[in-house]
Amino acid sequence: QVQLVESGGGSVQAGGSLRLSCAVTSRYTYSRYCMGWFRQAPRNEREGVAGIGSSTGSTYYADSVKGRFTISRDNAKNTLYLQMNSLKAEDTVMYYCKADPGSYASGAYCYTSLAKYGFWGQGTQVTVSS
């Protein structure tokens, strides 16, 4: 029903930047999806990073990335982004994008809903060396 393909991961030194992308293919209009990014370290649970509302661009961030990461979406390109600045060694994990068909305008509500519902991408690895 929905296909998500992440890209942009790689290796960077601490303090550097990366931009992740998530291309979405769906029979439904991309703009209706509430979107978000998650990450997961080995042996840890997947945790939310950021969410963005369906059409308003309203955003919500986990405290661990607030002020360093920026989530955005380009509805014309069916693509979700995560700009990551001031990267730290602890940001070294797999990053996943997720799509929830619920048309939630609130970034905060979107973030909460994505924790329970939605479709996953396959993930992209980010490695930050200190």
# chains A, B, ... in the order shown; residues from 1 in each chain; ligands from 1
call {"tool": "select_by_dssp", "arguments": {"residues": "range 9-115 of chain A", "states": "alpha helix (DSSP H)", "output": "PyMOL selection string"}}
result
chain A and resi 107-114
call {"tool": "write_last_selection", "arguments": {"atoms": "N, CA and C atoms", "output": "JSON list (two decimals), in the first residue's frame"}}
result
[["chain", "number", "residue", "atom", "x", "y", "z"],
["A", 107, "GLY", "N", 1.85, 18.15, 14.62],
["A", 107, "GLY", "CA", 3.08, 17.38, 14.63],
["A", 107, "GLY", "C", 3.19, 16.53, 15.88],
["A", 108, "ALA", "N", 2.75, 17.06, 17.00],
["A", 108, "ALA", "CA", 2.82, 16.32, 18.25],
["A", 108, "ALA", "C", 1.91, 15.11, 18.23],
["A", 109, "TYR", "N", 0.69, 15.27, 17.74],
["A", 109, "TYR", "CA", -0.23, 14.14, 17.67],
["A", 109, "TYR", "C", 0.27, 13.12, 16.67],
["A", 110, "CYS", "N", 0.80, 13.59, 15.57],
["A", 110, "CYS", "CA", 1.39, 12.71, 14.55],
["A", 110, "CYS", "C", 2.49, 11.86, 15.17],
["A", 111, "TYR", "N", 3.37, 12.50, 15.92],
["A", 111, "TYR", "CA", 4.49, 11.82, 16.57],
["A", 111, "TYR", "C", 3.98, 10.71, 17.48],
["A", 112, "THR", "N", 2.93, 10.99, 18.23],
["A", 112, "THR", "CA", 2.36, 10.01, 19.14],
["A", 112, "THR", "C", 1.70, 8.85, 18.39],
["A", 113, "SER", "N", 0.96, 9.19, 17.35],
["A", 113, "SER", "CA", 0.28, 8.15, 16.57],
["A", 113, "SER", "C", 1.25, 7.24, 15.87],
["A", 114, "LEU", "N", 2.34, 7.82, 15.35],
["A", 114, "LEU", "CA", 3.32, 7.02, 14.63],
["A", 114, "LEU", "C", 3.95, 5.95, 15.51]]
call {"tool": "residues_around", "arguments": {"residues": "Ile71 in chain A", "least_positions_apart": "5", "cutoff": "10 Å", "atoms": "only C-alpha atoms", "output": "tab-separated table (two decimals) with N, CA, C and O atoms, in the first residue's frame"}}
result
chain	number	residue	atom	x	y	z
A	19	ARG	N	21.89	14.83	5.74
A	19	ARG	CA	20.48	14.98	5.46
A	19	ARG	C	19.93	13.65	4.96
A	19	ARG	O	20.39	13.13	3.92
A	20	LEU	N	18.98	13.12	5.67
A	20	LEU	CA	18.30	11.90	5.26
A	20	LEU	C	17.08	12.25	4.43
A	20	LEU	O	16.42	13.26	4.66
A	21	SER	N	16.79	11.38	3.48
A	21	SER	CA	15.60	11.53	2.65
A	21	SER	C	14.78	10.25	2.71
A	21	SER	O	15.32	9.16	2.92
A	35	MET	N	3.91	11.97	8.88
A	35	MET	CA	5.21	11.34	8.64
A	35	MET	C	6.15	11.54	9.82
A	35	MET	O	6.02	12.52	10.59
A	36	GLY	N	7.12	10.67	9.94
A	36	GLY	CA	8.07	10.83	11.02
A	36	GLY	C	9.33	10.02	10.82
A	36	GLY	O	9.43	9.20	9.90
A	37	TRP	N	10.29	10.29	11.68
A	37	TRP	CA	11.54	9.56	11.71
A	37	TRP	C	11.71	8.88	13.07
A	37	TRP	O	11.38	9.46	14.11
A	49	VAL	N	12.04	10.14	16.75
A	49	VAL	CA	12.96	11.27	16.60
A	49	VAL	C	12.18	12.55	16.34
A	49	VAL	O	12.38	13.56	17.01
A	50	ALA	N	11.27	12.50	15.36
A	50	ALA	CA	10.51	13.70	14.99
A	50	ALA	C	9.29	13.30	14.19
A	50	ALA	O	9.27	12.25	13.55
A	51	GLY	N	8.27	14.15	14.24
A	51	GLY	CA	7.06	13.94	13.46
A	51	GLY	C	6.66	15.25	12.78
A	51	GLY	O	6.99	16.34	13.26
A	52	ILE	N	5.94	15.13	11.66
A	52	ILE	CA	5.48	16.30	10.93
A	52	ILE	C	4.05	16.06	10.47
A	52	ILE	O	3.73	15.00	9.92
A	57	GLY	N	2.65	21.18	8.17
A	57	GLY	CA	4.08	21.31	8.44
A	57	GLY	C	4.39	21.45	9.90
A	57	GLY	O	5.55	21.70	10.27
A	58	SER	N	3.39	21.27	10.74
A	58	SER	CA	3.60	21.32	12.20
A	58	SER	C	4.55	20.20	12.59
A	58	SER	O	4.40	19.07	12.15
A	59	THR	N	5.53	20.51	13.43
A	59	THR	CA	6.57	19.54	13.77
A	59	THR	C	6.64	19.29	15.27
A	59	THR	O	6.19	20.11	16.08
A	60	TYR	N	7.25	18.15	15.58
A	60	TYR	CA	7.48	17.78	16.98
A	60	TYR	C	8.77	17.00	17.04
A	60	TYR	O	9.05	16.18	16.15
A	61	TYR	N	9.58	17.23	18.09
A	61	TYR	CA	10.88	16.59	18.20
A	61	TYR	C	11.06	15.94	19.57
A	61	TYR	O	10.59	16.45	20.59
A	80	LEU	N	10.19	13.02	2.36
A	80	LEU	CA	10.39	13.47	3.73
A	80	LEU	C	11.89	13.63	3.95
A	80	LEU	O	12.68	12.86	3.41
A	81	TYR	N	12.25	14.63	4.76
A	81	TYR	CA	13.66	14.89	5.03
A	81	TYR	C	13.93	14.95	6.53
A	81	TYR	O	13.04	15.26	7.32
A	82	LEU	N	15.20	14.69	6.87
A	82	LEU	CA	15.67	14.93	8.23
A	82	LEU	C	17.06	15.54	8.12
A	82	LEU	O	18.01	14.85	7.76
A	83	GLN	N	17.15	16.83	8.39
A	83	GLN	CA	18.44	17.51	8.43
A	83	GLN	C	19.03	17.34	9.82
A	83	GLN	O	18.40	17.74	10.81
A	84	MET	N	20.21	16.75	9.88
A	84	MET	CA	20.85	16.47	11.17
A	84	MET	C	22.14	17.26	11.26
A	84	MET	O	23.06	17.06	10.47
call {"tool": "closest_residue", "arguments": {"among": "A:Ala23, A:Tyr96, A:Ser106, A:Ala14", "to": "Gly121 in chain A", "atoms": "only C-alpha atoms"}}
result
A:Tyr96
call {"tool": "residues_around", "arguments": {"residues": "Ser129 in chain A", "least_positions_apart": "4", "cutoff": "7 Å", "atoms": "only C-alpha atoms", "output": "list of chain:residue names"}}
result
A:Val12, A:Gln13, A:Ala14, A:Ala89
call {"tool": "write_last_selection", "arguments": {"atoms": "C-alpha atoms", "output": "mmCIF file, in the first residue's frame"}}
result
data_model
loop_
_atom_site.group_PDB
_atom_site.id
_atom_site.type_symbol
_atom_site.label_atom_id
_atom_site.label_comp_id
_atom_site.auth_asym_id
_atom_site.auth_seq_id
_atom_site.Cartn_x
_atom_site.Cartn_y
_atom_site.Cartn_z
ATOM 1 C CA VAL A 12 30.481 11.650 9.378
ATOM 2 C CA GLN A 13 32.663 13.114 12.089
ATOM 3 C CA ALA A 14 31.195 14.454 15.309
ATOM 4 C CA ALA A 89 28.580 9.743 18.572
#
call {"tool": "closest_residue", "arguments": {"among": "A:Ser55, A:Asn75, A:Asn85, A:Thr124", "to": "Gly102 in chain A", "atoms": "only C-alpha atoms"}}
result
A:Ser55
